[in-house]
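Text of data-v8.txt, listed as compact mmCIF, C-alpha atoms:
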# COMPACT_ATOMS: atom_id res chain seq x y z
CA MET A 1 -1.52 9.84 20.42
CA LYS A 2 -1.45 6.16 19.51
CA LYS A 3 0.60 5.06 16.52
CA LEU A 4 -0.42 2.26 14.19
CA GLU A 5 1.99 0.89 11.57
CA ILE A 6 0.18 -0.83 8.72
CA PHE A 7 2.18 -3.17 6.50
CA PHE A 8 0.31 -3.79 3.27
CA ASP A 9 0.52 -4.58 -0.44
CA TYR A 10 -1.97 -2.95 -2.80
CA ASN A 11 -2.60 -6.17 -4.69
CA CYS A 12 -3.57 -8.16 -1.59
CA PRO A 13 -7.33 -8.68 -1.24
CA TYR A 14 -6.90 -9.09 2.52
CA CYS A 15 -5.15 -5.72 2.67
CA PHE A 16 -8.12 -4.26 0.79
CA LYS A 17 -10.47 -5.81 3.37
CA GLY A 18 -8.22 -4.61 6.19
CA HIS A 19 -8.32 -1.11 4.71
CA ASN A 20 -12.12 -1.22 4.78
CA ASN A 21 -12.02 -2.47 8.40
CA LEU A 22 -9.70 0.42 9.23
CA LEU A 23 -12.16 2.91 7.73
CA GLY A 24 -14.73 1.54 10.19
CA ILE A 25 -12.62 2.20 13.29
CA LEU A 26 -11.15 5.59 12.37
CA PRO A 27 -14.19 7.69 13.36
CA ASP A 28 -13.97 6.29 16.90
CA ASN A 29 -10.19 6.83 17.07
CA PRO A 30 -9.47 10.43 16.02
CA ASN A 31 -6.10 10.44 17.82
CA LEU A 32 -4.75 7.45 15.92
CA GLU A 33 -1.61 8.22 13.92
CA ILE A 34 -1.30 5.87 10.96
CA VAL A 35 2.12 5.06 9.56
CA TRP A 36 1.71 3.49 6.14
CA GLN A 37 4.32 0.81 5.46
CA PRO A 38 3.82 -0.51 1.92
CA CYS A 39 5.74 -3.61 0.93
CA GLU A 40 5.75 -6.07 -1.96
CA ILE A 41 4.68 -9.42 -0.61
CA TYR A 42 5.92 -10.83 -3.92
CA GLU A 43 8.63 -8.95 -5.74
CA ARG A 44 8.29 -8.73 -9.49
CA PRO A 45 10.18 -11.62 -11.08
CA LYS A 46 12.41 -10.96 -14.06
CA ASN A 47 10.77 -11.43 -17.48
CA TYR A 48 7.29 -11.15 -15.99
CA SER A 49 4.54 -9.43 -17.97
CA GLY A 50 1.40 -9.69 -15.87
CA MET A 51 -0.62 -6.90 -14.32
CA TYR A 52 -0.61 -7.49 -10.60
CA HIS A 53 2.79 -6.60 -9.16
CA THR A 54 2.63 -3.42 -7.17
CA ASP A 55 6.14 -1.99 -7.26
CA LEU A 56 4.92 1.00 -9.29
CA CYS A 57 1.88 1.47 -7.03
CA ILE A 58 4.11 1.69 -3.98
CA GLN A 59 6.41 4.12 -5.74
CA ALA A 60 3.31 6.16 -6.64
CA MET A 61 2.41 6.23 -2.94
CA PHE A 62 5.83 7.72 -2.13
CA PHE A 63 5.18 10.31 -4.86
CA ALA A 64 1.78 11.05 -3.26
CA VAL A 65 3.43 11.52 0.14
CA ASP A 66 5.94 13.94 -1.39
CA ILE A 67 3.22 16.10 -2.91
CA GLY A 68 1.13 16.06 0.27
CA LEU A 69 -1.84 13.94 -0.78
CA ASP A 70 -4.05 12.38 1.88
CA ILE A 71 -2.72 8.81 1.83
CA LEU A 72 -5.93 7.32 3.16
CA LYS A 73 -7.75 8.72 0.13
CA PHE A 74 -4.87 7.75 -2.15
CA ASN A 75 -5.09 4.17 -0.86
CA GLU A 76 -8.84 4.09 -1.46
CA LYS A 77 -8.23 5.19 -5.05
CA MET A 78 -5.43 2.65 -5.52
CA TYR A 79 -7.53 -0.25 -4.24
CA ASN A 80 -10.38 0.88 -6.50
CA ILE A 81 -8.25 0.94 -9.65
CA ILE A 82 -6.81 -2.49 -8.86
CA PHE A 83 -9.86 -4.38 -7.61
CA ASN A 84 -12.75 -2.62 -9.33
CA GLU A 85 -11.39 -0.95 -12.46
CA ARG A 86 -8.80 -3.73 -13.04
CA VAL A 87 -6.19 -1.28 -14.37
CA ASN A 88 -2.87 -2.77 -15.44
CA VAL A 89 -0.82 -1.16 -12.66
CA GLU A 90 2.43 -2.60 -13.99
CA ASN A 91 2.38 -0.04 -16.78
CA ALA A 92 3.48 3.41 -15.59
CA ASP A 93 1.33 5.22 -18.15
CA ASN A 94 -1.82 3.26 -17.26
CA LEU A 95 -1.23 3.71 -13.54
CA ALA A 96 -0.59 7.45 -13.79
CA ASP A 97 -3.58 7.98 -16.06
CA ALA A 98 -5.81 6.10 -13.59
CA LEU A 99 -4.63 8.46 -10.82
CA ALA A 100 -4.95 11.63 -12.93
CA ASP A 101 -8.01 12.86 -11.03
CA ILE A 102 -6.02 13.14 -7.78
CA LEU A 103 -2.48 14.03 -8.94
CA ASP A 104 -0.43 15.28 -11.88
CA ALA A 105 -0.19 12.22 -14.14
CA ALA A 106 2.71 13.61 -16.21
CA GLN A 107 4.83 14.21 -13.11
CA LEU A 108 4.04 10.75 -11.77
CA LYS A 109 4.91 9.11 -15.11
CA GLN A 110 8.26 10.91 -15.09
CA ALA A 111 8.99 9.82 -11.50
CA LEU A 112 8.08 6.20 -12.23
CA LYS A 113 9.97 5.98 -15.50
CA THR A 114 13.14 7.44 -14.00
CA GLY A 115 12.94 5.22 -10.91
CA LYS A 116 12.89 8.20 -8.56
CA TYR A 117 11.31 6.13 -5.77
CA ALA A 118 12.89 2.73 -6.50
CA ALA A 119 15.37 3.04 -3.62
CA GLN A 120 12.53 3.93 -1.22
CA LEU A 121 10.69 0.80 -2.36
CA LYS A 122 13.73 -1.35 -1.55
CA GLN A 123 14.06 0.34 1.85
CA ALA A 124 10.36 -0.25 2.58
CA ASN A 125 10.65 -3.94 1.68
CA ASN A 126 13.78 -4.29 3.81
CA TYR A 127 12.13 -2.58 6.78
CA ALA A 128 9.01 -4.73 6.54
CA PHE A 129 10.58 -8.12 5.98
CA LYS A 130 14.04 -7.93 7.54
CA VAL A 131 13.66 -5.37 10.31
CA LYS A 132 10.06 -5.92 11.45
CA GLY A 133 9.74 -9.57 10.39
CA VAL A 134 6.50 -9.24 8.43
CA GLN A 135 5.43 -12.66 7.15
CA ILE A 136 1.93 -11.85 5.97
CA VAL A 137 0.07 -8.75 4.87
CA PRO A 138 -1.75 -6.96 6.15
CA SER A 139 0.12 -6.81 9.42
CA TYR A 140 -0.30 -4.20 12.11
CA SER A 141 1.92 -2.96 14.91
CA ALA A 142 0.30 -0.73 17.52
CA ASP A 143 2.62 1.57 19.45
CA GLY A 144 5.65 -0.51 18.49
CA GLY A 145 4.10 -3.72 19.79
CA LYS A 146 4.03 -7.16 18.23
CA LEU A 147 2.90 -7.64 14.67
CA GLN A 148 -0.70 -8.77 14.33
CA ASP A 149 -2.59 -9.96 11.28
CA ARG A 150 -5.94 -8.54 10.23
CA GLN A 151 -8.02 -11.02 12.25
CA GLU A 152 -6.03 -10.47 15.44
CA PHE A 153 -5.95 -6.70 15.13
CA PHE A 154 -9.63 -6.24 14.34
CA GLY A 155 -10.77 -9.15 16.54
CA LEU A 156 -12.27 -11.00 13.58
CA PRO A 157 -13.06 -14.71 13.58
CA TYR A 158 -10.66 -16.82 11.51

Could I get this structure in the form of structure tokens?
Amino acid sequence: MKKLEIFFDYNCPYCFKGHNNLLGILPDNPNLEIVWQPCEIYERPKNYSGMYHTDLCIQAMFFAVDIGLDILKFNEKMYNIIFNERVNVENADNLADALADILDAAQLKQALKTGKYAAQLKQANNYAFKVKGVQIVPSYSADGGKLQDRQEFFGLPY
């Protein structure tokens, strides 16, 4: 089985496009093991009150993994609430409510508000940027090989 590590940030439009490209190749690659590696391309600055940092989204993904959700479907939902529904994903209540059709919103709110997955988020960022050397998202590493960006990996023109 081939293994594909995908380094991504939910708020990145190129990651969203890469996700859609991935959906196109999956039917022809049933033996492809995907290892989701979320990372914050821009960490949330102090005293920031916007709606586009994804630290809570990534923590919600770790919650989804813990409860056994299909992460491909979770990612589709997450991209939809960010890019189509324009949900303020920096608010734990809004984020959990937007995901309520696929998971227990009350449990997710509790996990996000207590910071249950904050350490995992830091570890994910460290792995992506310091261990693997990610400089741009999305980045892909097939079978432990070199990192490639979306155009390289999918053979797209620049």

Non-local contacts of Ala142 in chain A (12 Å; all atoms listed in the file; under 2 positions in same chain excluded) as a PyMOL selection string: chain A and resi 1-7+32-35+139-140+144-149+152-154

In Å, rounded to a single decimal, give me how far CA of Thr54 in chain A is from CA of Val137 in chain A.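 Straight-line distance from CA of Val137 in chain A to CA of Thr54 in chain A works out to 13.4 Å.
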
Enumerate, in order of chain and increasing residue number, the residues of range 46-94 of chain A with an atom no farther than 10 Å from range 98-119 of chain A, each with its shortest atom pair and distance in Å to one decimal, counting all atoms listed in the file, as a Markdown table.
| residue | atom | partner | partner_atom | distance |
| --- | --- | --- | --- | --- |
| A:Asp55 | CA | A:Ala118 | CA | 8.3 |
| A:Leu56 | CA | A:Leu112 | CA | 6.8 |
| A:Cys57 | CA | A:Leu112 | CA | 9.4 |
| A:Ile58 | CA | A:Tyr117 | CA | 8.6 |
| A:Gln59 | CA | A:Tyr117 | CA | 5.3 |
| A:Ala60 | CA | A:Leu108 | CA | 6.9 |
| A:Met61 | CA | A:Tyr117 | CA | 9.3 |
| A:Phe62 | CA | A:Tyr117 | CA | 6.8 |
| A:Phe63 | CA | A:Leu108 | CA | 7.0 |
| A:Ala64 | CA | A:Leu103 | CA | 7.7 |
| A:Ile67 | CA | A:Leu103 | CA | 8.6 |
| A:Leu69 | CA | A:Leu103 | CA | 8.2 |
| A:Asp70 | CA | A:Ile102 | CA | 9.9 |
| A:Lys73 | CA | A:Ile102 | CA | 9.2 |
| A:Phe74 | CA | A:Ile102 | CA | 7.9 |
| A:Lys77 | CA | A:Leu99 | CA | 7.5 |
| A:Met78 | CA | A:Leu99 | CA | 7.9 |
| A:Asn80 | CA | A:Ala98 | CA | 9.9 |
| A:Ile81 | CA | A:Ala98 | CA | 6.9 |
| A:Ile82 | CA | A:Ala98 | CA | 9.9 |
| A:Glu85 | CA | A:Ala98 | CA | 9.1 |
| A:Val87 | CA | A:Ala98 | CA | 7.4 |
| A:Asn88 | CA | A:Ala98 | CA | 9.5 |
| A:Val89 | CA | A:Ala98 | CA | 8.9 |
| A:Asn91 | CA | A:Leu112 | CA | 9.6 |
| A:Ala92 | CA | A:Lys109 | CA | 5.9 |
| A:Asp93 | CA | A:Lys109 | CA | 6.1 |
| A:Asn94 | CA | A:Ala98 | CA | 6.1 |

CA of Pro13 in chain A to CA of Pro138 in chain A, straight-line distance in Å: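 Result for CA of Pro138 in chain A versus CA of Pro13 in chain A: 9.4 Å, one decimal.
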
What is the CA of Cys12 in chain A to CA of Ile41 in chain A distance in Å?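 According to the coordinates, CA of Cys12 in chain A and CA of Ile41 in chain A are separated by 8.4 Å.
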
Residue with smallest distance to Tyr79 in chain A - pool A:Gly24, A:Pro30, A:Gly133, A:Gly18, counting only C-alpha atoms: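 Closest residue, counting only C-alpha atoms: A:Gly18.
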
Padded axis-aligned box of range 107-115 of chain A (6 Å per side), centre and edge lengths, Å, one decimal, as lines of an AutoDock Vina configuration file:
center_x = 8.6
center_y = 9.7
center_z = -13.2
size_x = 21.1
size_y = 21.0
size_z = 16.6

Using only C-alpha atoms, pick whichever of A:Leu121, A:Val65, A:Leu23, A:Cys39 has the shortest atom-to-atom distance to Val134 in chain A.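 Under the stated criterion, the closest residue is A:Cys39.
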
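In terms of minimum interatomic distance to Ile71 in chain A, A:Trp36 ranks closest within A:Pro27, A:Phe16, A:Gln120, A:Trp36, counting only C-alpha atoms.
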